[in-house]
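What follows is a set of notes on a single structure, which appears directly below.
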Amino acid sequence: MRPDLLSTLVLAVVAIVLGVVAYLRDPGLPLLGVKNGASMLWFIVPRLVPAILIAGLLQVLVPQEVVSRHFGRESGLRALVIASLAGVLTPGGPMVTVPFMVALANSGASMAPLVAYMTSWSLFGMQRIIAWEAPLMGWRFVAVRVVPSLAFPVVAGWLVKVFYQD
């Protein structure tokens, strides 16, 4: 079975099981759950559609040769550093970053820069630091968390380059 179909099937089974559990707890809960899910869907779709369109447009606008040359299998430390910096600067959530990564992968980027990018975005996304971490935890906390981890994205990308052949 294709992995994408398997993951969809697993999600459907989990949704059905949760619906049954909710019904057993209170017959009105499944409908409330569906309403909550629809509300989230209406929140996500307006963001997801443009993100996917941007990813598709990037695939046709950025020449594959450029991506392959700078971020392909032969790329080195420079690609890992640039990908890590891009991860810090990419705004938005996974609805933006994942389609962007798919566009890069389809244009010839190798696993190492993609891992560096995603690791960097996960650890150091500026929008999260500015909007949430610094205001709630303070800049001292941000510095104490970020400084020891600065090398992680590049190291993660390098480890992929050494141990994983794509």
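If you're wondering about the labels, chains in the structure tokens are A, B, ... by order shown, residues count from 1 in each chain, ligands from 1 in order shown.
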
Checklist entry - When DSSP works through the backbone of this structure, what residues of region 59-127 of chain A end up as alpha helix (DSSP H), shown as a ChimeraX atom specification? => result /A:59-61,64-71,77-89,94-106,111-124,126-127

Mind writing the picked residues with C-alpha atoms as a short mmCIF file (atom, residue, chain, number, x, y, z; two decimals), in the first residue's frame?
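Result file is out-v8.cif:
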data_model
loop_
_atom_site.label_atom_id
_atom_site.label_comp_id
_atom_site.auth_asym_id
_atom_site.auth_seq_id
_atom_site.Cartn_x
_atom_site.Cartn_y
_atom_site.Cartn_z
CA GLN A 59 8.75 25.09 -8.94
CA VAL A 60 8.13 26.69 -12.32
CA LEU A 61 9.78 30.07 -11.65
CA GLN A 64 15.74 23.49 -11.50
CA GLU A 65 19.40 23.90 -12.47
CA VAL A 66 19.79 26.74 -9.95
CA VAL A 67 18.33 24.69 -7.11
CA SER A 68 20.33 21.60 -8.09
CA ARG A 69 23.58 23.55 -8.39
CA HIS A 70 23.25 25.36 -5.06
CA PHE A 71 21.34 22.79 -3.00
CA LEU A 77 28.59 23.59 3.86
CA ARG A 78 27.49 26.79 2.13
CA ALA A 79 24.17 25.18 1.14
CA LEU A 80 23.60 23.99 4.70
CA VAL A 81 24.25 27.47 6.11
CA ILE A 82 22.01 29.18 3.53
CA ALA A 83 19.24 26.62 4.09
CA SER A 84 19.56 27.14 7.85
CA LEU A 85 19.29 30.92 7.45
CA ALA A 86 16.27 30.49 5.17
CA GLY A 87 14.62 28.35 7.85
CA VAL A 88 15.05 31.15 10.40
CA LEU A 89 13.56 33.72 8.05
CA PRO A 94 3.96 24.16 8.39
CA MET A 95 1.34 25.18 5.82
CA VAL A 96 4.03 27.44 4.36
CA THR A 97 7.24 25.55 5.08
CA VAL A 98 6.22 22.06 3.98
CA PRO A 99 4.95 23.08 0.51
CA PHE A 100 8.10 25.21 0.15
CA MET A 101 10.25 22.17 1.00
CA VAL A 102 8.32 20.04 -1.49
CA ALA A 103 8.97 22.66 -4.16
CA LEU A 104 12.69 22.64 -3.34
CA ALA A 105 12.84 18.83 -3.31
CA ASN A 106 11.04 18.63 -6.65
CA MET A 111 18.07 15.86 1.70
CA ALA A 112 20.90 17.56 3.62
CA PRO A 113 19.87 21.18 2.91
CA LEU A 114 16.20 20.26 3.34
CA VAL A 115 16.92 18.79 6.78
CA ALA A 116 19.00 21.86 7.70
CA TYR A 117 16.13 24.12 6.57
CA MET A 118 13.43 22.25 8.49
CA THR A 119 15.58 21.89 11.61
CA SER A 120 16.35 25.60 11.56
CA TRP A 121 12.72 26.56 10.99
CA SER A 122 11.65 24.27 13.85
CA LEU A 123 14.23 25.62 16.28
CA PHE A 124 14.56 29.27 15.35
CA MET A 126 11.64 34.24 13.91
CA GLN A 127 7.88 34.71 13.79
#

Item to check | Close residues, region 28-37 of chain A itself excluded, 10 Å, only C-alpha atoms, min 5 positions apart in chain, as a PyMOL selection string | outcome: chain A and resi 16+18-23+42-43

Let me see the file: selected residues, N, CA and C atoms, as a compact mmCIF listing (two decimals), in the first residue's frame.
# COMPACT_ATOMS: atom_id res chain seq x y z
N ILE A 16 -12.70 7.76 13.28
CA ILE A 16 -13.88 6.92 13.55
C ILE A 16 -13.88 6.43 14.99
N LEU A 18 -12.37 7.78 17.58
CA LEU A 18 -12.66 8.91 18.46
C LEU A 18 -14.13 9.30 18.40
N GLY A 19 -14.75 9.21 17.23
CA GLY A 19 -16.17 9.50 17.10
C GLY A 19 -17.01 8.53 17.92
N VAL A 20 -16.64 7.25 17.88
CA VAL A 20 -17.37 6.24 18.67
C VAL A 20 -17.18 6.51 20.16
N VAL A 21 -15.95 6.80 20.59
CA VAL A 21 -15.69 7.09 22.00
C VAL A 21 -16.49 8.33 22.43
N ALA A 22 -16.51 9.36 21.59
CA ALA A 22 -17.27 10.57 21.91
C ALA A 22 -18.76 10.25 22.02
N TYR A 23 -19.28 9.44 21.11
CA TYR A 23 -20.70 9.07 21.14
C TYR A 23 -21.04 8.30 22.41
N TRP A 42 -11.98 25.81 8.14
CA TRP A 42 -12.20 27.14 7.56
C TRP A 42 -11.08 28.09 7.92
N PHE A 43 -10.40 27.83 9.04
CA PHE A 43 -9.24 28.64 9.42
C PHE A 43 -8.02 28.28 8.57

Checklist entry - In Å, with one decimal, what is the gap from CA of Trp158 (chain A) to CA of Arg145 (chain A)? => result 21.6 Å

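Each of A:Met1, A:Leu6, A:Ala51, A:Ala109 was checked against Asp166 (chain A) using only C-alpha atoms; the smallest atom-to-atom distance is that of A:Ala109.
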
Item to check | Top pick for closest residue to Glu133 (chain A), considering A:Val146, A:Arg73, A:Val154, A:Gly92 and counting only C-alpha atoms | outcome: A:Val146

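Distance check against Pro91 (chain A) using only C-alpha atoms: of A:Gly76, A:Gly125, A:Met40, A:Ala143, the minimum falls on A:Gly125.
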